[in-house]
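Participant: Provided below: start10.txt, containing compact mmCIF, N, CA and C atoms.
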```txt
# COMPACT_ATOMS: atom_id res chain seq x y z
N MET A 1 28.84 -1.93 -27.40
CA MET A 1 29.78 -1.56 -28.45
C MET A 1 30.05 -0.06 -28.34
N GLU A 2 31.29 0.31 -28.41
CA GLU A 2 31.70 1.70 -28.33
C GLU A 2 31.47 2.39 -29.69
N LEU A 3 31.13 3.68 -29.66
CA LEU A 3 30.83 4.41 -30.89
C LEU A 3 32.00 4.35 -31.88
N HIS A 4 33.21 4.46 -31.39
CA HIS A 4 34.37 4.43 -32.29
C HIS A 4 34.55 3.08 -32.98
N GLN A 5 34.07 2.01 -32.34
CA GLN A 5 34.12 0.71 -33.00
C GLN A 5 33.12 0.66 -34.15
N LEU A 6 32.00 1.36 -33.99
CA LEU A 6 30.96 1.34 -35.02
C LEU A 6 31.32 2.23 -36.20
N ILE A 7 31.80 3.46 -35.93
CA ILE A 7 32.03 4.41 -37.02
C ILE A 7 33.50 4.71 -37.29
N GLY A 8 34.42 4.19 -36.49
CA GLY A 8 35.84 4.44 -36.70
C GLY A 8 36.28 5.74 -36.05
N ARG A 9 37.57 5.97 -36.10
CA ARG A 9 38.15 7.17 -35.50
C ARG A 9 38.60 8.14 -36.59
N TYR A 10 38.51 9.42 -36.26
CA TYR A 10 38.97 10.46 -37.18
C TYR A 10 40.47 10.32 -37.38
N GLY A 11 40.89 10.40 -38.62
CA GLY A 11 42.31 10.33 -38.94
C GLY A 11 42.84 8.92 -39.04
N GLY A 12 42.07 7.94 -38.64
CA GLY A 12 42.50 6.56 -38.73
C GLY A 12 41.90 5.89 -39.93
N ASP A 13 42.38 4.70 -40.21
CA ASP A 13 41.77 3.93 -41.30
C ASP A 13 40.41 3.44 -40.84
N ILE A 14 39.44 3.52 -41.72
CA ILE A 14 38.12 3.00 -41.39
C ILE A 14 37.80 1.87 -42.35
N THR A 15 37.09 0.89 -41.83
CA THR A 15 36.74 -0.27 -42.64
C THR A 15 35.54 0.05 -43.52
N ALA A 16 35.26 -0.85 -44.44
CA ALA A 16 34.10 -0.68 -45.31
C ALA A 16 32.81 -0.68 -44.48
N LEU A 17 32.75 -1.51 -43.45
CA LEU A 17 31.57 -1.54 -42.58
C LEU A 17 31.42 -0.23 -41.82
N GLN A 18 32.51 0.32 -41.33
CA GLN A 18 32.44 1.59 -40.62
C GLN A 18 32.03 2.73 -41.57
N MET A 19 32.57 2.72 -42.78
CA MET A 19 32.19 3.75 -43.75
C MET A 19 30.71 3.60 -44.12
N SER A 20 30.23 2.36 -44.21
CA SER A 20 28.82 2.13 -44.50
C SER A 20 27.94 2.64 -43.36
N ALA A 21 28.37 2.41 -42.13
CA ALA A 21 27.60 2.93 -40.98
C ALA A 21 27.58 4.45 -41.00
N ARG A 22 28.72 5.06 -41.31
CA ARG A 22 28.78 6.52 -41.42
C ARG A 22 27.84 7.01 -42.52
N ALA A 23 27.84 6.32 -43.65
CA ALA A 23 27.00 6.72 -44.78
C ALA A 23 25.52 6.67 -44.39
N ALA A 24 25.12 5.63 -43.67
CA ALA A 24 23.72 5.51 -43.25
C ALA A 24 23.35 6.63 -42.30
N VAL A 25 24.19 6.91 -41.32
CA VAL A 25 23.91 8.00 -40.37
C VAL A 25 23.84 9.33 -41.10
N VAL A 26 24.81 9.59 -41.98
CA VAL A 26 24.86 10.85 -42.72
C VAL A 26 23.66 10.97 -43.66
N PHE A 27 23.25 9.88 -44.27
CA PHE A 27 22.09 9.91 -45.16
C PHE A 27 20.84 10.35 -44.40
N PHE A 28 20.59 9.72 -43.27
CA PHE A 28 19.39 10.05 -42.51
C PHE A 28 19.49 11.45 -41.91
N LEU A 29 20.66 11.84 -41.45
CA LEU A 29 20.83 13.20 -40.94
C LEU A 29 20.64 14.20 -42.08
N GLY A 30 21.14 13.87 -43.26
CA GLY A 30 20.96 14.75 -44.42
C GLY A 30 19.49 14.94 -44.74
N LEU A 31 18.69 13.87 -44.65
CA LEU A 31 17.25 13.99 -44.86
C LEU A 31 16.62 14.92 -43.83
N VAL A 32 17.01 14.75 -42.56
CA VAL A 32 16.48 15.61 -41.51
C VAL A 32 16.88 17.06 -41.75
N LEU A 33 18.14 17.28 -42.13
CA LEU A 33 18.62 18.65 -42.38
C LEU A 33 17.85 19.31 -43.52
N MET A 34 17.61 18.56 -44.59
CA MET A 34 16.89 19.14 -45.72
C MET A 34 15.43 19.42 -45.36
N ARG A 35 14.83 18.57 -44.52
CA ARG A 35 13.46 18.84 -44.06
C ARG A 35 13.44 20.07 -43.17
N MET A 36 14.47 20.23 -42.33
CA MET A 36 14.55 21.40 -41.47
C MET A 36 14.75 22.67 -42.30
N ALA A 37 15.55 22.57 -43.34
CA ALA A 37 15.84 23.73 -44.18
C ALA A 37 14.62 24.14 -44.99
N GLY A 38 13.76 23.21 -45.28
CA GLY A 38 12.54 23.52 -46.01
C GLY A 38 12.69 23.33 -47.50
N LYS A 39 11.60 23.57 -48.21
CA LYS A 39 11.58 23.35 -49.65
C LYS A 39 12.39 24.38 -50.41
N ARG A 40 12.68 25.52 -49.79
CA ARG A 40 13.43 26.56 -50.46
C ARG A 40 14.77 26.06 -50.99
N VAL A 41 15.39 25.16 -50.26
CA VAL A 41 16.73 24.72 -50.67
C VAL A 41 16.73 24.15 -52.08
N PHE A 42 15.71 23.37 -52.43
CA PHE A 42 15.70 22.77 -53.75
C PHE A 42 14.65 23.35 -54.68
N GLY A 43 13.89 24.32 -54.22
CA GLY A 43 12.82 24.87 -55.04
C GLY A 43 13.22 26.11 -55.80
N GLN A 44 13.69 27.13 -55.10
CA GLN A 44 13.92 28.41 -55.74
C GLN A 44 15.40 28.70 -55.99
N TRP A 45 16.29 28.03 -55.33
CA TRP A 45 17.72 28.16 -55.54
C TRP A 45 18.23 29.60 -55.50
N GLY A 46 18.01 30.26 -54.37
CA GLY A 46 18.63 31.55 -54.14
C GLY A 46 20.08 31.35 -53.74
N ALA A 47 20.81 32.45 -53.59
CA ALA A 47 22.23 32.36 -53.23
C ALA A 47 22.43 31.61 -51.92
N LEU A 48 21.61 31.92 -50.91
CA LEU A 48 21.74 31.23 -49.62
C LEU A 48 21.51 29.73 -49.77
N ASP A 49 20.55 29.37 -50.59
CA ASP A 49 20.20 27.96 -50.77
C ASP A 49 21.32 27.19 -51.46
N ILE A 50 21.91 27.80 -52.46
CA ILE A 50 23.01 27.15 -53.19
C ILE A 50 24.21 26.96 -52.27
N ILE A 51 24.55 28.00 -51.53
CA ILE A 51 25.69 27.90 -50.61
C ILE A 51 25.43 26.81 -49.58
N LEU A 52 24.24 26.80 -49.01
CA LEU A 52 23.91 25.79 -48.00
C LEU A 52 24.05 24.39 -48.59
N SER A 53 23.52 24.16 -49.76
CA SER A 53 23.57 22.83 -50.38
C SER A 53 25.01 22.39 -50.64
N VAL A 54 25.81 23.28 -51.18
CA VAL A 54 27.20 22.93 -51.51
C VAL A 54 28.01 22.65 -50.25
N VAL A 55 27.89 23.53 -49.26
CA VAL A 55 28.69 23.38 -48.04
C VAL A 55 28.26 22.15 -47.26
N ILE A 56 26.97 21.93 -47.13
CA ILE A 56 26.52 20.74 -46.40
C ILE A 56 26.92 19.47 -47.15
N GLY A 57 26.77 19.47 -48.46
CA GLY A 57 27.19 18.29 -49.24
C GLY A 57 28.67 18.00 -49.07
N SER A 58 29.47 19.03 -49.09
CA SER A 58 30.91 18.86 -48.91
C SER A 58 31.23 18.32 -47.51
N ASN A 59 30.61 18.91 -46.49
CA ASN A 59 30.85 18.46 -45.13
C ASN A 59 30.40 17.03 -44.91
N LEU A 60 29.23 16.70 -45.41
CA LEU A 60 28.73 15.34 -45.20
C LEU A 60 29.58 14.31 -45.92
N SER A 61 30.08 14.64 -47.11
CA SER A 61 30.93 13.68 -47.82
C SER A 61 32.24 13.44 -47.07
N ARG A 62 32.80 14.49 -46.49
CA ARG A 62 34.03 14.33 -45.70
C ARG A 62 33.77 13.51 -44.45
N THR A 63 32.57 13.62 -43.91
CA THR A 63 32.21 12.84 -42.73
C THR A 63 32.15 11.36 -43.06
N ILE A 64 31.58 11.04 -44.21
CA ILE A 64 31.46 9.64 -44.60
C ILE A 64 32.82 8.99 -44.78
N THR A 65 33.74 9.68 -45.42
CA THR A 65 35.04 9.08 -45.73
C THR A 65 36.02 9.11 -44.57
N GLY A 66 35.68 9.82 -43.50
CA GLY A 66 36.57 9.89 -42.35
C GLY A 66 37.59 11.00 -42.47
N ALA A 67 37.45 11.89 -43.45
CA ALA A 67 38.39 12.98 -43.63
C ALA A 67 38.14 14.12 -42.65
N ALA A 68 37.02 14.07 -41.94
CA ALA A 68 36.69 15.09 -40.95
C ALA A 68 36.12 14.38 -39.73
N PRO A 69 36.27 14.97 -38.55
CA PRO A 69 35.71 14.33 -37.35
C PRO A 69 34.20 14.20 -37.46
N PHE A 70 33.67 13.06 -37.04
CA PHE A 70 32.27 12.72 -37.26
C PHE A 70 31.31 13.66 -36.53
N GLY A 71 31.35 13.68 -35.21
CA GLY A 71 30.42 14.47 -34.41
C GLY A 71 30.49 15.97 -34.68
N PRO A 72 31.69 16.58 -34.59
CA PRO A 72 31.77 18.01 -34.82
C PRO A 72 31.32 18.43 -36.23
N THR A 73 31.57 17.60 -37.22
CA THR A 73 31.16 17.95 -38.58
C THR A 73 29.64 17.90 -38.72
N LEU A 74 29.01 16.90 -38.10
CA LEU A 74 27.55 16.84 -38.12
C LEU A 74 26.95 18.02 -37.36
N ALA A 75 27.58 18.40 -36.25
CA ALA A 75 27.12 19.58 -35.49
C ALA A 75 27.25 20.84 -36.34
N ALA A 76 28.31 20.94 -37.11
CA ALA A 76 28.50 22.10 -37.99
C ALA A 76 27.39 22.15 -39.04
N CYS A 77 27.00 21.00 -39.57
CA CYS A 77 25.91 20.97 -40.55
C CYS A 77 24.59 21.42 -39.93
N LEU A 78 24.32 20.98 -38.70
CA LEU A 78 23.13 21.45 -38.00
C LEU A 78 23.16 22.96 -37.82
N MET A 79 24.34 23.50 -37.49
CA MET A 79 24.48 24.94 -37.31
C MET A 79 24.23 25.67 -38.63
N LEU A 80 24.70 25.12 -39.73
CA LEU A 80 24.47 25.75 -41.03
C LEU A 80 22.99 25.82 -41.38
N VAL A 81 22.25 24.76 -41.08
CA VAL A 81 20.82 24.76 -41.35
C VAL A 81 20.11 25.78 -40.45
N ALA A 82 20.52 25.85 -39.19
CA ALA A 82 19.92 26.84 -38.28
C ALA A 82 20.22 28.26 -38.75
N LEU A 83 21.44 28.49 -39.21
CA LEU A 83 21.82 29.81 -39.72
C LEU A 83 21.03 30.15 -40.98
N HIS A 84 20.86 29.18 -41.86
CA HIS A 84 20.07 29.38 -43.07
C HIS A 84 18.63 29.76 -42.71
N TRP A 85 18.06 29.04 -41.75
CA TRP A 85 16.70 29.31 -41.31
C TRP A 85 16.59 30.73 -40.73
N ALA A 86 17.55 31.11 -39.89
CA ALA A 86 17.54 32.44 -39.26
C ALA A 86 17.69 33.55 -40.31
N LEU A 87 18.57 33.35 -41.27
CA LEU A 87 18.76 34.37 -42.32
C LEU A 87 17.54 34.47 -43.22
N ALA A 88 16.88 33.35 -43.47
CA ALA A 88 15.66 33.38 -44.28
C ALA A 88 14.57 34.17 -43.56
N TRP A 89 14.44 33.96 -42.25
CA TRP A 89 13.45 34.73 -41.48
C TRP A 89 13.83 36.20 -41.44
N ALA A 90 15.11 36.50 -41.29
CA ALA A 90 15.55 37.90 -41.27
C ALA A 90 15.23 38.57 -42.60
N ALA A 91 15.37 37.84 -43.69
CA ALA A 91 15.06 38.38 -45.02
C ALA A 91 13.57 38.68 -45.17
N VAL A 92 12.74 37.87 -44.52
CA VAL A 92 11.29 38.12 -44.56
C VAL A 92 10.94 39.34 -43.71
N LEU A 93 11.55 39.43 -42.54
CA LEU A 93 11.23 40.52 -41.62
C LEU A 93 11.81 41.86 -42.08
N TYR A 94 12.95 41.83 -42.73
CA TYR A 94 13.64 43.04 -43.17
C TYR A 94 13.87 42.96 -44.68
N PRO A 95 12.99 43.57 -45.47
CA PRO A 95 13.07 43.45 -46.93
C PRO A 95 14.42 43.84 -47.53
N SER A 96 15.13 44.79 -46.92
CA SER A 96 16.44 45.16 -47.46
C SER A 96 17.43 44.00 -47.36
N LEU A 97 17.31 43.21 -46.30
CA LEU A 97 18.15 42.01 -46.20
C LEU A 97 17.72 40.98 -47.25
N GLY A 98 16.43 40.92 -47.53
CA GLY A 98 15.94 40.00 -48.55
C GLY A 98 16.56 40.28 -49.90
N VAL A 99 16.67 41.57 -50.24
CA VAL A 99 17.30 41.95 -51.51
C VAL A 99 18.77 41.54 -51.50
N LEU A 100 19.43 41.75 -50.37
CA LEU A 100 20.85 41.38 -50.25
C LEU A 100 21.04 39.87 -50.41
N PHE A 101 20.21 39.09 -49.75
CA PHE A 101 20.36 37.64 -49.76
C PHE A 101 19.83 36.99 -51.04
N LYS A 102 18.69 37.48 -51.52
CA LYS A 102 18.01 36.83 -52.65
C LYS A 102 18.21 37.54 -53.98
N GLY A 103 18.59 38.81 -53.94
CA GLY A 103 18.72 39.58 -55.17
C GLY A 103 17.37 40.13 -55.59
N ARG A 104 17.33 40.80 -56.73
CA ARG A 104 16.09 41.37 -57.26
C ARG A 104 15.63 40.54 -58.46
N PRO A 105 14.32 40.47 -58.64
CA PRO A 105 13.82 39.73 -59.81
C PRO A 105 14.17 40.48 -61.10
N VAL A 106 14.39 39.74 -62.16
CA VAL A 106 14.70 40.31 -63.47
C VAL A 106 13.56 39.93 -64.41
N ARG A 107 12.95 40.93 -65.02
CA ARG A 107 11.85 40.66 -65.94
C ARG A 107 12.42 40.16 -67.26
N LEU A 108 11.96 39.00 -67.66
CA LEU A 108 12.43 38.41 -68.91
C LEU A 108 11.46 38.67 -70.06
N ILE A 109 10.16 38.72 -69.76
CA ILE A 109 9.15 38.91 -70.78
C ILE A 109 8.12 39.93 -70.27
N LYS A 110 7.75 40.88 -71.15
CA LYS A 110 6.71 41.84 -70.79
C LYS A 110 5.77 41.96 -72.00
N ASP A 111 4.50 41.75 -71.75
CA ASP A 111 3.47 41.81 -72.81
C ASP A 111 3.84 40.93 -74.00
N GLY A 112 4.38 39.74 -73.71
CA GLY A 112 4.71 38.81 -74.76
C GLY A 112 6.01 39.09 -75.47
N GLU A 113 6.71 40.14 -75.10
CA GLU A 113 8.01 40.49 -75.73
C GLU A 113 9.15 40.12 -74.81
N VAL A 114 10.19 39.56 -75.39
CA VAL A 114 11.38 39.20 -74.61
C VAL A 114 12.15 40.45 -74.26
```
Please, can you express the file's structure as structure tokens?

Facilitator:
Amino acid sequence: MELHQLIGRYGGDITALQMSARAAVVFFLGLVLMRMAGKRVFGQWGALDIILSVVIGSNLSRTITGAAPFGPTLAACLMLVALHWALAWAAVLYPSLGVLFKGRPVRLIKDGEV
């Protein structure tokens, strides 16, 4: 069976079965991407993490519906996770970048006072 028969072609009509196959592939790839990105994406929600989540979610949804080419869009999501990982390491190695990417902490309570 040819790949296009299984997942459909970009820009063409896709059947419910093809969209379901795309959804399954995207679901499992999404799990892998989130594991690669680490717990930071859903734990601390810094600016980089929010952007990564929104952009990957948008790209993956377009992949499922056939609004974007399947392979290149998945490759772009992999690149986004790699970029997120690299920027996170750069922020650790260079504290000034960490401030730029993550911001500064804001004290909400001191000695029991708001």

Participant: Counting all atoms listed in the file, which of A:His84, A:Gly98, A:Ile64, A:Leu48 gets nearest to A:Ala21?

Facilitator: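 Using all atoms listed in the file, A:Ala21 sits closest to A:Ile64.
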
Participant: Would you compute the distance between atom C of A:Val25 and atom N of A:Val81? Give it in Å to one decimal.

Facilitator: 15.5 Å

Participant: Have a look at atom C of A:Asn59 and atom CA of A:Leu29 and let me know their distance in Å, one decimal.

Facilitator: 11.0 Å

Participant: Just to confirm, what's the straight-line distance from atom CA of A:Val26 to atom CA of A:Leu60 in Å (one decimal)?

Facilitator: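 Computing it gives 6.4 Å between the two atoms.
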
Participant: Which residue gives the smallest distance to A:Gln18 among A:Val54, A:Leu33, A:Gly66, A:Ala91, with only C-alpha atoms counted?

Facilitator: A:Gly66

Participant: Looking at A:Ile50, A:Met79, A:Leu17, A:Glu113, which one is nearest to A:Thr65, with distances taken over only C-alpha atoms?

Facilitator: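 Looking at the shortest contact to A:Thr65, the residue is A:Leu17.
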